[in-house]
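Structure file my_file.csv (CSV, C-alpha atoms) is printed below.
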```csv
chain,number,residue,atom,x,y,z
O,4,MET,CA,0.0,0.0,0.0
O,5,SER,CA,1.2,3.5,-0.7
O,6,VAL,CA,1.5,6.1,2.1
O,7,GLU,CA,-1.6,7.8,0.7
O,8,GLN,CA,-3.6,4.6,0.9
O,9,LYS,CA,-2.4,3.9,4.4
O,10,LEU,CA,-3.3,7.5,5.5
O,11,ARG,CA,-6.8,7.1,4.0
O,12,LYS,CA,-7.3,4.0,6.0
O,13,SER,CA,-6.0,5.6,9.2
O,14,ILE,CA,-7.7,9.0,9.0
O,15,ARG,CA,-11.1,8.8,10.8
O,16,ASP,CA,-14.3,10.7,9.9
O,17,VAL,CA,-16.0,12.2,12.8
O,18,VAL,CA,-19.5,13.4,11.9
O,19,ASP,CA,-20.9,16.7,13.3
O,20,PHE,CA,-17.6,18.0,14.8
O,21,PRO,CA,-16.9,20.8,15.6
O,22,LYS,CA,-20.5,21.5,14.7
O,23,LYS,CA,-23.5,19.9,13.1
O,24,GLY,CA,-23.1,19.2,9.4
O,25,ILE,CA,-19.3,19.1,9.3
O,26,VAL,CA,-17.4,15.8,8.8
O,27,PHE,CA,-14.1,16.2,10.7
O,28,LYS,CA,-11.0,14.4,9.4
O,29,ASP,CA,-9.4,13.0,12.6
O,30,ILE,CA,-5.7,12.4,12.1
O,31,THR,CA,-4.9,11.2,15.6
O,32,PRO,CA,-5.0,7.5,14.6
O,33,ILE,CA,-1.9,8.2,12.5
O,34,MET,CA,-0.1,9.1,15.8
O,35,MET,CA,-1.2,5.7,17.2
O,36,ASP,CA,0.7,4.0,14.4
O,37,PRO,CA,4.5,4.5,14.8
O,38,GLU,CA,5.3,2.7,11.6
O,39,LEU,CA,3.0,4.9,9.5
O,40,SER,CA,4.2,8.0,11.4
O,41,ASN,CA,7.8,7.2,10.4
O,42,GLU,CA,6.8,6.5,6.9
O,43,VAL,CA,5.1,9.9,6.6
O,44,VAL,CA,8.2,11.7,7.8
O,45,ASP,CA,10.4,9.7,5.4
O,46,HIS,CA,8.0,10.4,2.5
O,47,LEU,CA,8.0,14.2,3.3
O,48,PHE,CA,11.8,14.1,3.5
O,49,GLU,CA,12.0,12.6,0.0
O,50,ILE,CA,9.7,15.4,-1.4
O,51,TYR,CA,11.7,18.2,0.2
O,52,LYS,CA,15.3,17.0,0.5
O,53,ASP,CA,16.5,18.7,-2.7
O,54,GLN,CA,14.5,22.0,-2.4
O,55,ASN,CA,17.2,23.9,-0.6
O,56,LEU,CA,14.9,24.8,2.3
O,57,ASP,CA,16.3,26.9,5.1
O,58,ALA,CA,13.5,26.2,7.6
O,59,VAL,CA,10.1,24.5,8.1
O,60,ALA,CA,7.4,26.6,9.7
O,61,GLY,CA,4.7,24.7,11.5
O,62,ILE,CA,1.3,26.1,12.5
O,63,GLU,CA,0.2,25.4,16.1
O,64,SER,CA,-0.6,22.9,17.2
O,65,ARG,CA,-1.1,20.0,14.8
O,66,GLY,CA,1.4,21.5,12.4
O,67,PHE,CA,4.0,20.8,15.1
O,68,LEU,CA,3.4,17.0,14.8
O,69,PHE,CA,5.0,16.4,11.5
O,70,GLY,CA,6.6,19.8,10.9
O,71,TYR,CA,9.3,19.4,13.6
O,72,PRO,CA,10.3,15.8,12.7
O,73,LEU,CA,10.5,16.8,9.1
O,74,ALA,CA,12.8,19.8,9.9
O,75,MET,CA,15.0,17.6,12.1
O,76,LYS,CA,15.4,15.0,9.3
O,77,LEU,CA,16.1,17.8,6.8
O,78,GLY,CA,18.7,19.2,9.3
O,79,ILE,CA,17.1,22.7,9.3
O,80,PRO,CA,15.4,24.9,11.9
O,81,PHE,CA,11.8,24.5,12.9
O,82,VAL,CA,9.8,27.8,13.2
O,83,LEU,CA,6.8,27.8,15.5
O,84,ILE,CA,3.8,29.8,14.4
O,85,ARG,CA,1.6,30.1,17.4
O,86,LYS,CA,-1.7,31.5,18.6
O,87,LYS,CA,-1.7,34.9,20.2
O,88,GLY,CA,0.0,35.3,23.5
O,89,LYS,CA,2.0,32.0,23.5
O,90,LEU,CA,5.4,33.1,22.2
O,91,PRO,CA,7.4,34.9,24.8
O,92,TYR,CA,10.1,36.8,22.9
O,93,ASP,CA,10.0,39.7,20.4
O,94,LYS,CA,7.4,38.8,17.8
O,95,ILE,CA,5.3,39.9,14.9
O,96,SER,CA,1.7,39.1,14.5
O,97,HIS,CA,-1.0,38.9,11.9
O,98,ASP,CA,-4.8,39.0,12.3
O,99,TYR,CA,-7.1,37.1,9.9
O,100,ASP,CA,-10.8,36.4,9.5
O,101,LEU,CA,-12.4,33.2,10.4
O,102,GLU,CA,-15.9,32.1,9.4
O,103,TYR,CA,-17.1,33.6,12.7
O,104,GLY,CA,-14.8,36.2,14.2
O,105,SER,CA,-11.1,36.5,13.8
O,106,ALA,CA,-7.8,35.0,15.0
O,107,THR,CA,-4.2,36.2,15.5
O,108,ILE,CA,-1.0,34.2,14.9
O,109,GLU,CA,2.5,35.2,16.0
O,110,MET,CA,6.1,34.3,15.2
O,111,HIS,CA,9.3,35.3,16.9
O,112,THR,CA,11.1,38.1,15.0
O,113,ASP,CA,14.4,36.1,15.0
O,114,ALA,CA,12.9,32.9,13.7
O,115,VAL,CA,13.2,33.6,10.0
O,116,GLY,CA,16.3,35.1,8.4
O,117,HIS,CA,16.5,37.5,5.5
O,118,LYS,CA,15.7,35.6,2.2
O,119,HIS,CA,15.5,32.3,4.1
O,120,ARG,CA,13.6,29.7,2.0
O,121,VAL,CA,10.7,28.5,4.2
O,122,LEU,CA,8.2,25.7,3.8
O,123,ILE,CA,4.9,26.2,5.6
O,124,HIS,CA,3.4,23.0,7.0
O,125,ASP,CA,0.1,22.2,8.7
O,126,ASP,CA,-1.9,19.1,9.1
O,127,LEU,CA,-4.9,20.3,7.1
O,128,LEU,CA,-5.7,22.8,4.3
O,129,ALA,CA,-9.3,24.0,4.6
O,130,THR,CA,-10.1,27.6,3.6
O,131,GLY,CA,-6.4,28.5,3.7
O,132,GLY,CA,-6.8,31.3,6.2
O,133,SER,CA,-4.1,30.2,8.7
O,134,ALA,CA,-1.7,29.1,6.0
O,135,GLU,CA,-2.1,32.5,4.3
O,136,ALA,CA,-1.6,34.3,7.6
O,137,ALA,CA,1.6,32.2,8.2
O,138,ALA,CA,2.9,33.2,4.7
O,139,ILE,CA,2.3,36.9,5.5
O,140,LEU,CA,4.3,36.5,8.7
O,141,ILE,CA,7.2,34.8,6.8
O,142,GLU,CA,7.3,37.6,4.2
O,143,LYS,CA,7.0,40.3,6.9
O,144,SER,CA,10.2,38.8,8.4
O,145,GLY,CA,12.0,39.0,5.1
O,146,GLY,CA,11.8,35.3,4.4
O,147,GLU,CA,10.6,33.6,1.2
O,148,VAL,CA,7.7,31.2,1.1
O,149,VAL,CA,8.9,28.4,-1.2
O,150,GLY,CA,6.1,26.0,-0.6
O,151,PHE,CA,3.2,24.7,1.4
O,152,ASN,CA,2.7,21.2,2.7
O,153,PHE,CA,-0.4,19.6,4.3
O,154,LEU,CA,-1.2,16.1,5.3
O,155,VAL,CA,-4.7,16.5,4.1
O,156,SER,CA,-6.4,18.9,1.7
O,157,LEU,CA,-10.2,19.6,1.6
O,158,ASP,CA,-10.3,20.6,-2.0
O,159,PHE,CA,-14.0,21.7,-2.0
O,160,LEU,CA,-13.0,24.6,0.3
O,161,ASN,CA,-10.6,26.1,-2.4
O,162,GLY,CA,-7.9,26.9,0.1
O,163,GLU,CA,-5.3,26.7,-2.7
O,164,GLU,CA,-6.8,29.7,-4.4
O,165,LYS,CA,-5.9,31.8,-1.3
O,166,ILE,CA,-2.3,30.6,-0.9
O,167,LYS,CA,-1.0,30.1,-4.4
O,168,LEU,CA,-0.3,33.8,-4.6
O,169,PHE,CA,2.6,33.1,-2.2
O,170,SER,CA,3.8,29.9,-3.8
O,171,ASN,CA,2.3,27.4,-6.2
O,172,ASN,CA,4.5,24.6,-4.8
O,173,ILE,CA,1.6,23.2,-2.8
O,174,THR,CA,1.7,19.5,-1.8
O,175,ASN,CA,-0.5,17.3,0.3
O,176,LEU,CA,-0.6,13.6,0.9
O,177,VAL,CA,-4.3,13.0,0.9
O,178,THR,CA,-7.1,15.0,-0.9
O,179,TYR,CA,-10.8,14.8,-0.1
J,30,MET,CA,29.4,19.6,25.9
J,31,SER,CA,26.7,17.4,27.4
J,32,VAL,CA,23.1,17.6,26.1
J,33,GLU,CA,22.3,19.4,29.4
J,34,GLN,CA,25.0,22.0,28.9
J,35,LYS,CA,23.9,22.6,25.3
J,36,LEU,CA,20.3,23.0,26.4
J,37,ARG,CA,21.3,25.5,29.1
J,38,LYS,CA,23.1,27.5,26.4
J,39,SER,CA,20.1,27.3,24.1
J,40,ILE,CA,17.2,28.0,26.4
J,41,ARG,CA,16.5,31.7,26.6
J,42,ASP,CA,15.3,33.7,29.7
J,43,VAL,CA,12.5,36.1,28.9
J,44,VAL,CA,11.8,38.5,31.7
J,45,ASP,CA,8.3,39.5,32.7
J,46,PHE,CA,6.5,36.9,30.5
J,47,PRO,CA,3.6,36.0,30.7
J,48,LYS,CA,3.4,38.6,33.4
J,49,LYS,CA,5.6,40.9,35.5
J,50,GLY,CA,8.0,39.2,37.8
J,51,ILE,CA,8.1,35.9,36.0
J,52,VAL,CA,11.2,34.7,34.1
J,53,PHE,CA,10.0,32.5,31.3
J,54,LYS,CA,12.2,29.7,30.0
J,55,ASP,CA,11.9,30.0,26.2
J,56,ILE,CA,12.7,26.6,24.5
J,57,THR,CA,12.1,27.8,20.9
J,58,PRO,CA,15.9,28.3,20.3
J,59,ILE,CA,16.2,24.5,20.6
J,60,MET,CA,13.9,24.1,17.6
J,61,MET,CA,16.1,26.4,15.6
J,62,ASP,CA,19.0,24.0,16.2
J,63,PRO,CA,18.4,20.8,14.3
J,64,GLU,CA,21.6,19.1,15.5
J,65,LEU,CA,20.6,19.7,19.2
J,66,SER,CA,17.0,18.7,18.4
J,67,ASN,CA,18.1,15.3,17.1
J,68,GLU,CA,20.5,14.9,20.0
J,69,VAL,CA,17.7,15.5,22.5
J,70,VAL,CA,15.5,12.9,20.8
J,71,ASP,CA,18.4,10.4,20.8
J,72,HIS,CA,19.1,11.2,24.5
J,73,LEU,CA,15.5,10.6,25.5
J,74,PHE,CA,15.5,7.4,23.4
J,75,GLU,CA,18.5,6.1,25.4
J,76,ILE,CA,16.7,6.8,28.7
J,77,TYR,CA,13.5,5.0,27.7
J,78,LYS,CA,14.3,2.3,25.2
J,79,ASP,CA,14.4,-0.4,27.8
J,80,GLN,CA,11.4,0.6,30.0
J,81,ASN,CA,8.9,-1.4,28.0
J,82,LEU,CA,6.7,1.6,27.3
J,83,ASP,CA,3.5,1.0,25.4
J,84,ALA,CA,2.9,4.7,24.6
J,85,VAL,CA,4.1,8.3,25.1
J,86,ALA,CA,1.5,10.8,26.0
J,87,GLY,CA,2.3,14.5,25.1
J,88,ILE,CA,0.6,17.5,26.6
J,89,GLU,CA,-0.6,20.2,24.1
J,90,SER,CA,1.1,21.9,22.5
J,91,ARG,CA,4.8,22.0,23.4
J,92,GLY,CA,4.6,18.5,24.7
J,93,PHE,CA,4.0,17.5,21.0
J,94,LEU,CA,7.4,18.8,20.0
J,95,PHE,CA,9.6,16.1,21.5
J,96,GLY,CA,6.8,13.6,22.6
J,97,TYR,CA,5.9,12.5,19.1
J,98,PRO,CA,9.5,12.1,17.7
J,99,LEU,CA,10.4,10.2,20.9
J,100,ALA,CA,7.4,7.9,20.4
J,101,MET,CA,8.3,7.4,16.7
J,102,LYS,CA,11.8,6.5,17.6
J,103,LEU,CA,10.7,4.1,20.3
J,104,GLY,CA,8.2,2.6,17.8
J,105,ILE,CA,5.2,3.1,20.0
J,106,PRO,CA,2.0,5.1,19.8
J,107,PHE,CA,1.8,8.8,20.6
J,108,VAL,CA,-1.2,9.9,22.6
J,109,LEU,CA,-2.4,13.5,22.3
J,110,ILE,CA,-3.6,15.2,25.5
J,111,ARG,CA,-5.3,18.4,24.4
J,112,LYS,CA,-7.1,21.4,25.6
J,113,LYS,CA,-10.9,21.2,25.8
J,114,GLY,CA,-12.8,21.1,22.6
J,115,LYS,CA,-10.0,20.1,20.3
J,116,LEU,CA,-10.2,16.4,20.1
J,117,PRO,CA,-13.1,15.2,17.8
J,118,TYR,CA,-13.8,11.6,18.9
J,119,ASP,CA,-15.1,10.0,22.1
J,120,LYS,CA,-13.1,11.4,24.9
J,121,ILE,CA,-12.6,11.7,28.6
J,122,SER,CA,-11.8,14.9,30.3
J,123,HIS,CA,-10.4,16.3,33.6
J,124,ASP,CA,-10.7,19.7,35.1
J,125,TYR,CA,-7.9,21.1,37.2
J,126,ASP,CA,-7.1,24.4,39.0
J,127,LEU,CA,-4.7,27.0,37.8
J,128,GLU,CA,-3.3,29.8,39.8
J,129,TYR,CA,-6.2,31.9,38.5
J,130,GLY,CA,-9.2,30.0,37.3
J,131,SER,CA,-9.2,26.4,35.9
J,132,ALA,CA,-8.5,24.4,32.8
J,133,THR,CA,-9.7,21.2,31.2
J,134,ILE,CA,-7.7,18.6,29.3
J,135,GLU,CA,-9.0,15.8,27.2
J,136,MET,CA,-7.9,12.5,25.7
J,137,HIS,CA,-9.6,10.1,23.3
J,138,THR,CA,-11.1,7.1,25.0
J,139,ASP,CA,-9.4,4.7,22.6
J,140,ALA,CA,-5.9,6.3,23.0
J,141,VAL,CA,-4.7,4.3,25.9
J,142,GLY,CA,-5.3,0.5,26.3
J,143,HIS,CA,-6.0,-1.4,29.5
J,144,LYS,CA,-2.8,-1.7,31.6
J,145,HIS,CA,-0.8,0.1,28.9
J,146,ARG,CA,2.5,1.5,30.3
J,147,VAL,CA,2.5,5.2,29.5
J,148,LEU,CA,5.2,7.8,29.8
J,149,ILE,CA,3.8,11.4,30.2
J,150,HIS,CA,5.9,14.1,28.5
J,151,ASP,CA,5.8,17.8,28.5
J,152,ASP,CA,8.4,20.5,27.9
J,153,LEU,CA,8.2,22.0,31.3
J,154,LEU,CA,7.4,20.9,34.9
J,155,ALA,CA,6.2,23.9,36.9
J,156,THR,CA,3.6,23.4,39.6
J,157,GLY,CA,2.7,20.0,38.1
J,158,GLY,CA,-1.0,20.8,37.5
J,159,SER,CA,-1.3,19.7,33.9
J,160,ALA,CA,1.0,16.6,34.4
J,161,GLU,CA,-1.1,15.5,37.3
J,162,ALA,CA,-4.3,16.0,35.2
J,163,ALA,CA,-2.7,14.0,32.4
J,164,ALA,CA,-1.9,11.2,34.8
J,165,ILE,CA,-5.5,11.1,36.0
J,166,LEU,CA,-6.7,10.8,32.4
J,167,ILE,CA,-4.3,7.9,31.8
J,168,GLU,CA,-5.5,6.1,34.9
J,169,LYS,CA,-9.2,6.8,34.1
J,170,SER,CA,-8.5,5.0,30.8
J,171,GLY,CA,-7.1,1.9,32.6
J,172,GLY,CA,-3.5,2.8,31.7
J,173,GLU,CA,-0.5,2.8,34.0
J,174,VAL,CA,1.6,5.9,34.4
J,175,VAL,CA,5.1,4.5,34.4
J,176,GLY,CA,7.0,7.8,34.3
J,177,PHE,CA,7.1,11.5,33.6
J,178,ASN,CA,9.6,13.3,31.4
J,179,PHE,CA,10.2,17.0,31.0
J,180,LEU,CA,12.8,19.0,29.1
J,181,VAL,CA,12.9,21.5,31.9
J,182,SER,CA,12.0,21.4,35.6
J,183,LEU,CA,11.5,24.5,37.8
J,184,ASP,CA,12.3,22.9,41.1
J,185,PHE,CA,11.3,25.8,43.3
J,186,LEU,CA,7.7,25.2,42.3
J,187,ASN,CA,7.7,21.7,43.8
J,188,GLY,CA,5.8,20.1,40.9
J,189,GLU,CA,7.4,16.7,41.7
J,190,GLU,CA,5.5,16.6,45.0
J,191,LYS,CA,2.2,16.6,43.1
J,192,ILE,CA,3.0,13.9,40.5
J,193,LYS,CA,5.2,11.5,42.4
J,194,LEU,CA,2.1,9.9,43.8
J,195,PHE,CA,1.5,8.5,40.3
J,196,SER,CA,5.1,7.5,39.5
J,197,ASN,CA,8.5,8.5,41.0
J,198,ASN,CA,10.2,7.8,37.7
J,199,ILE,CA,10.5,11.5,37.0
J,200,THR,CA,13.3,12.7,34.7
J,201,ASN,CA,14.1,16.0,33.2
J,202,LEU,CA,17.1,17.2,31.1
J,203,VAL,CA,17.6,20.6,32.8
J,204,THR,CA,16.7,21.8,36.3
J,205,TYR,CA,16.4,25.5,37.4
```
Can I see the file as C-alpha cells?
Amino acid sequence: MSVEQKLRKSIRDVVDFPKKGIVFKDITPIMMDPELSNEVVDHLFEIYKDQNLDAVAGIESRGFLFGYPLAMKLGIPFVLIRKKGKLPYDKISHDYDLEYGSATIEMHTDAVGHKHRVLIHDDLLATGGSAEAAAILIEKSGGEVVGFNFLVSLDFLNGEEKIKLFSNNITNLVTY
Amino acid sequence: MSVEQKLRKSIRDVVDFPKKGIVFKDITPIMMDPELSNEVVDHLFEIYKDQNLDAVAGIESRGFLFGYPLAMKLGIPFVLIRKKGKLPYDKISHDYDLEYGSATIEMHTDAVGHKHRVLIHDDLLATGGSAEAAAILIEKSGGEVVGFNFLVSLDFLNGEEKIKLFSNNITNLVTY
C-alpha cells in the first residue's frame, strides 16, 4: 500500500464535529501507528530534501506534529507559528478572519532570516486562512515562502486559491 | 558539551512573561538548532528504550514537539492530550485548578489501552497541575503511568510533589 492509501485507511471521519453538518478528518489514529508515522516523515523528507529549504514553519498545534520531525530530518530549523500570547520573545503578529470572528497568529522576529527559504506545514488545508496568515508573517520577516505542505487537503473549500499567490509549490498527501 | 549544557546555552530567559516578575524559559531556540534537536531525541530514546513503554502521551502543545519524535523512535503510539474542545472523537476529560481559574484537558477514550504502560511528556514541569491532570486521564482510561519526562523542571515550584504519587520515575534534562 502507498503512504496515501495507508493514510486514507488511518484517518477517521467524525461526523458533526466541531459543529453539526461538518465531517471532521481526525488524524490522531496516525499518531497511534508508529510505523506509518515514520513512513510519513520519510515520505515528506523525500519530497523536500532537494529543495534547498532553510526552515520549516509549523502552525500550532497539529502542524508541530510532522513539521518538527521533518525539519529535524532535513537538518534545518523549525519555526513555531503560534496563537496569540503564547510566544514569549519579540514577535510579529497577523490578524485574519475566520468564518465567525477572527484569529491572530504570531512568530518570533528572530525565527526567519532574510531571504530564508521557508516551507509552511500544517496538518490540514481547509479555507487556507491560517496558511495565508503564516505566509504573510514569513514575508514580513524578510523570508521567502517556497512551498506549502499539508497532510490533508479539503479541495472543495478552495484553500489553494488563497495561498497560491505566495507559492504554487503546494503538496498534500491526501485529498478529499 | 553534554546535552544538558547545550540545552542550558540554548534556552532563553524572557523576563516578565507571561506577566511581570516571571522569568519565562523559552525553549524555541532549541527548535532552531536541528543538531541539538536530534540529540535531545536520541538522548530521550536512550533513557526510555528499555522501559517497556506502550505509549508516550504528550501534553498540548509544546509536549507534542519532543513527545511525538520520541514515540516514533521508540516505535510506540503517541497519545495527544489536548485542551478542551480540540479532540473530535469519544473522549474523557479532567478539570484542574490553575493559579487563577481552571483548565480542562481531554484524551480520546481509545488512545490508551488497558494496563498500557504510558510515559507522560511535556516541555516544562512547573507546579505539576497539567502533568497531574494527564496522569489522572491515563489512569481513568485503565492505563498505568510509568513515568514523567520534562525537558525543563522548575524545582522551586515543587511540581514533583504533586506527581510522584503516580510515579516517582521522573526525569528532566535541565533543572532550574
Which of these, O:Pro37, O:Gly104, O:Pro32, O:Gly24, has the shortest distance to chain J once you count only C-alpha atoms?
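Answer, going by the shortest atom-to-atom distance: O:Pro37.
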Atomic distance CA of Ile40 in chain J - CA of Lys54 in chain J, expressed in Å with one decimal:
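So the answer is 6.4 Å.
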Please identify every residue of chain J that has at least one atom no farther than 8 Å from an atom of chain O, counting only C-alpha atoms, and for each give the shortest atom pair and the distance in Å to one decimal, arranged by chain then increasing number, as CSV.
```
residue,atom,partner,partner_atom,distance
J:Val43,CA,O:Tyr92,CA,6.5
J:Phe46,CA,O:Pro91,CA,6.1
J:Pro47,CA,O:Pro91,CA,7.1
J:Phe53,CA,O:Pro91,CA,7.4
J:Asp55,CA,O:Pro91,CA,6.8
J:Thr57,CA,O:Leu83,CA,7.6
J:Met60,CA,O:Phe81,CA,5.2
J:Met61,CA,O:Pro80,CA,4.1
J:Asp62,CA,O:Pro80,CA,5.7
J:Pro63,CA,O:Met75,CA,5.2
J:Glu64,CA,O:Gly78,CA,6.8
J:Ser66,CA,O:Met75,CA,6.7
J:Asn67,CA,O:Met75,CA,6.3
J:Glu89,CA,O:Ser64,CA,7.4
J:Ser90,CA,O:Ser64,CA,5.7
J:Phe93,CA,O:Leu68,CA,6.2
J:Leu94,CA,O:Phe67,CA,6.3
J:Tyr97,CA,O:Leu68,CA,6.7
J:Pro98,CA,O:Pro72,CA,6.3
J:Ala100,CA,O:Pro37,CA,7.2
J:Met101,CA,O:Pro37,CA,5.1
J:Gly104,CA,O:Pro37,CA,5.1
J:Ile105,CA,O:Pro37,CA,5.4
J:Pro106,CA,O:Met35,CA,4.2
J:Phe107,CA,O:Met34,CA,5.2
J:Val108,CA,O:Met35,CA,6.8
J:Leu109,CA,O:Thr31,CA,7.5
J:Pro117,CA,O:Phe20,CA,6.1
J:Tyr118,CA,O:Val17,CA,6.5
J:Ala140,CA,O:Met35,CA,7.5
```
Within 12 Å of Phe177 in chain J using only C-alpha atoms, minus same-chain residues under 5 positions, as number ranges by chain
J: 73, 76-77, 82, 85-88, 92, 96, 146-154, 157, 159-161, 163-164, 182, 188-189, 191-202
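Counting from CA of Leu101 in chain O, the distance to CA of Ile134 in chain J is 24.3 Å.
Counting only C-alpha atoms, the residue from J:Gln34, J:Ser39, J:Asn178, J:Ser170 that sits nearest to His123 in chain J is J:Ser170.
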Between CA of Lys112 in chain J and CA of Ile165 in chain J, measure the distance and give it in Å to one decimal.
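Taking CA of Lys112 in chain J and CA of Ile165 in chain J, their separation equals 14.7 Å.
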